[in-house]
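Take a look at the structure set out below.
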Amino acid sequence: MAIFRPEYEALERPALEALQLERLRALVERLRASSAVYGERLRGIPAPRSLEDLAALPMTTKDDLRESYPLGMLAVSSERLARIHASSGTTGNPTITAYTREDLRIFGEVNARSLAAAGIRPGEMFQVAWGYGLFTGGLGMHGGCETLGACAVPASSGNTARQLQLLCDLPVVGIGATPSYALVLAERLRAENRRPKALRYALCGAEAWTREMRAELEALLGVTATNIYGLTEIIGPGVAQECLEKAGLHVQEDHFLAEVVDPESGAPLPEGARGELVLTTLTREAMPVLRYRTRDLTSLVRERCACGRTTARIDWFTGRVDDMLVIRGINVFPSAVEEVLLRFAELSPNYRIVVDRPPNGLDVMLVEVEHQPDAAIDDVDVLAEIVTGRLAETLLVSLHARVLPPGTIERIEAGKAKRVIDRRTL
Ligand SMILES: [Zn+2]
């Protein structure tokens with residue numbers, strides 16, 4: 001399978017790590033000289049002499065970015081900017097990220113690598129069904145298509161009828177979408193008994209999902225689906241991408257330095273241990289970040305992948321620190337619920353979790369899930385009871401499951417699927 005930039009993606013680890021250290025040292029000196037925020041925090045901290053010294057450098061949080069809204073984290077003069085993007089903040093100000101021309105070149109480069117790793121080749125057509133605009137997804141992947149030499153179909157998010165028309169009429173080989181929206185497209189295709197003309201690959205991301213959901217989506221849409229990861233604070237999509245070996249997501253390590261730390265203490269964890277992903281942008285010019293705490297929970301391995309890439313791989317995310325539900329004192333990740341549900345062939349990937357706290361004060365968790373349109377089910381209540389039992393024994397929490405007819409749970413055409421309704425905080 002094709003590696004877009006083997007001179008970096010398949011570089012022997014000692015050389016890759018030497019390059020990372022050189023870039024990290026340059027970054028620290030650049031921030032010391034040109035960033036108001038980091039200049040202060042780096043005072044008295046010597047330049048790193050090895051990658052282990054990374055642990056001595058200050059960390060950055062989402063709050064740091066919020067407090068420096070809109071452009072307080074800039075490390076270049078604003079005349080050098082070529083573009084800005086922003087992530088929608090659920091509360092308060094959005095997080096703004098800025099790019100120089102060189103940053104945009106890197107943005108295109110890492111997304112071209114992602115497309116190639118996901119099976120797309122130069123000259124092929126790729127439908128971008130992430131939103132265009134301030135959100136990084138659409139334009140980020142669009143730049144990747146151009147850098148790879150593929151043909152972008154800039155469908156953006158929403159307008160499902162138009163998306164399907166493009167997929168059925170044009171020789172579109174791959175599509176990029178949130179997993180929940182890819183599922184919406186797959187369901188509509190099946191309901192209308194239509195087939196995409198040439199679709200073989202899907203890149204899904206910008207939303208939490210599981211391998212079980214992937215298997216479901218691949219079967220419904222008739223594609224090989226891979227997981228793409230990114231975040232506005234770092235660059236947007238293209239930070240990491242799963243290859244067709246499906247053995248974790250390759251981090252573009254010559255640009256992004258990844259660590260996994262204890263989410264409580266912030267202490268670095270050994271290779272393979274699960275914790276919070278922390279990322280440093282090694283080459284960003286306009287708005288570099290040092291040791292950004294992503295709140296995403298994963299683990300990291302550095303052994304060579306069967307695809308030939310030497311870059312470190314992160315595992316599928318267990319969830320975000322912030323998404324973890326605490327039900328009667330027990331930690332529950334929505335992804336764990338999804339994993340259990342999708343082991344039932346009768347159930348569809350359309351589900352939601354409703355948490356409530358009635359007057360007696362004990363949390364109540366309800367899992368609602370649609371059954372498959374063609375599932376042979378004698379009694380939905382009996383099935384619901386079995387699902388309840390399986391969820392309870394896996395999650396170790398008392399809950400209730402309901403099995404609903406197809407099409408009952410609201411579909412999201414743009415933005416991220418809302419899987420959790422926590423009425424305790426409403
Ligand atoms: Zn690989």
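Each chain in the structure tokens gets a letter, A, B and so on, in the order shown; residues start at 1 in every chain, and ligands are counted from 1 in the order they appear.
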From a DSSP pass on the backbone, collect the residues of segment 110-210 of chain A flagged as helix (DSSP H, G or I) and hand them back as a PyMOL selection string. chain A and resi 110-117+136-148+160-169+179-191
List the spatial neighbours of segment 236-246 of chain A as a list in words - criterion: any atom at most 6 Å away, only C-alpha atoms, same-chain residues fewer than 2 positions off excluded. Val110, Asn111, Ser114, Ala117, Ala118, Thr136, Gly137, Thr226, Asn227, Ile228, Tyr229, Gly230, Leu231, Thr232, Gly248, Leu249, His250, Val251 and Gln252 of chain A
Give me the residues within 10 Å of Gly39 of chain A as a PyMOL selection string, counting only C-alpha atoms and dropping any in the same chain fewer than 6 places off. chain A and resi 28-33
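Using only C-alpha atoms for every distance, the candidate list A:Arg211, A:His142, A:Arg195, A:Arg302 yields A:Arg211 as the residue closest to Arg343 of chain A.
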Measuring atom to atom with only C-alpha atoms and all ligand atoms, identify which of A:Leu71, A:Val301, A:Ala177, A:Ile330 is nearest to ligand 1.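 Distance minimum relative to ligand 1 lands on A:Val301.
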List as a ChimeraX atom specification the protein and nucleic acid residues near Gly176 of chain A, meaning an atom at most 7 Å away when only C-alpha atoms are counted, but skip any in the same chain fewer than 6 places from it. /A:127-130,202-204
Keeping only N, CA, C and O atoms, write the selected residues to a file as a tab-separated table (two decimals), in the first residue's frame.
```tsv
chain	number	residue	atom	x	y	z
A	127	GLN	N	-14.80	12.46	-1.85
A	127	GLN	CA	-15.88	13.37	-1.44
A	127	GLN	C	-15.66	13.83	0.00
A	127	GLN	O	-15.58	13.00	0.92
A	128	VAL	N	-15.55	15.12	0.17
A	128	VAL	CA	-15.33	15.68	1.51
A	128	VAL	C	-16.68	16.06	2.10
A	128	VAL	O	-17.30	17.03	1.68
A	129	ALA	N	-17.16	15.23	3.04
A	129	ALA	CA	-18.48	15.49	3.63
A	129	ALA	C	-18.36	16.03	5.06
A	129	ALA	O	-19.28	15.90	5.86
A	130	TRP	N	-17.20	16.60	5.37
A	130	TRP	CA	-17.07	17.38	6.61
A	130	TRP	C	-17.40	18.83	6.25
A	130	TRP	O	-17.20	19.25	5.11
A	202	ALA	N	-13.81	4.75	3.29
A	202	ALA	CA	-14.33	5.86	4.08
A	202	ALA	C	-13.31	6.23	5.14
A	202	ALA	O	-12.71	5.36	5.77
A	203	LEU	N	-13.08	7.53	5.28
A	203	LEU	CA	-12.25	8.05	6.39
A	203	LEU	C	-13.22	8.68	7.36
A	203	LEU	O	-13.94	9.61	6.99
A	204	CYS	N	-13.26	8.17	8.57
A	204	CYS	CA	-14.22	8.73	9.52
A	204	CYS	C	-13.50	9.25	10.75
A	204	CYS	O	-12.53	8.67	11.21
```
Could you list, as a short mmCIF file (atom, residue, chain, number, x, y, z; two decimals) with C-alpha atoms, in the first residue's frame, every residue within 12 Å of Arg423 of chain A, counting only C-alpha atoms and ignoring same-chain residues fewer than 6 positions away?
```
data_model
loop_
_atom_site.label_atom_id
_atom_site.label_comp_id
_atom_site.auth_asym_id
_atom_site.auth_seq_id
_atom_site.Cartn_x
_atom_site.Cartn_y
_atom_site.Cartn_z
CA LEU A 325 -20.16 9.62 32.92
CA ILE A 353 -27.80 7.25 26.61
CA VAL A 354 -30.11 9.22 28.87
CA VAL A 355 -29.00 9.88 32.44
CA ASP A 356 -31.35 11.37 34.98
CA ARG A 357 -31.43 12.00 38.71
CA PRO A 358 -34.92 11.61 40.13
CA ASP A 363 -28.83 8.25 39.11
CA VAL A 364 -30.85 6.39 36.50
CA MET A 365 -29.25 5.38 33.23
CA LEU A 366 -31.38 4.49 30.24
#
```
According to DSSP computed on the backbone, where in segment 1-230 of chain A is there strand (DSSP E)? Give the residues as an NGL selection string. :A and (81-87 or 95-100 or 125-128 or 151-153 or 172-177 or 201-205 or 224-230)
From atom CA of Ser180 of chain A to atom CA of Arg162 of chain A the spacing works out at 17.3 Å
Just the number, please: distance in Å from atom CA of Glu370 of chain A to atom CA of Ala247 of chain A, one decimal.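 Going from atom CA of Glu370 of chain A over to atom CA of Ala247 of chain A, I get 29.6 Å.
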Pick the closest to ligand 1 from A:Arg291, A:Arg113, A:Arg200, A:Arg402: which is it, counting only C-alpha atoms and all ligand atoms?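 Under the stated criterion, the closest residue is A:Arg113.
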So, counting only C-alpha atoms, which residue among A:Ala26, A:Val326, A:Ala55, A:Ala2 is closest to Arg424 of chain A? A:Val326
Grab the atom CA of Met141 of chain A to atom CA of Val420 of chain A distance for me, in Å with one decimal place.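 Calculated distance between atom CA of Met141 of chain A and atom CA of Val420 of chain A is 27.9 Å.
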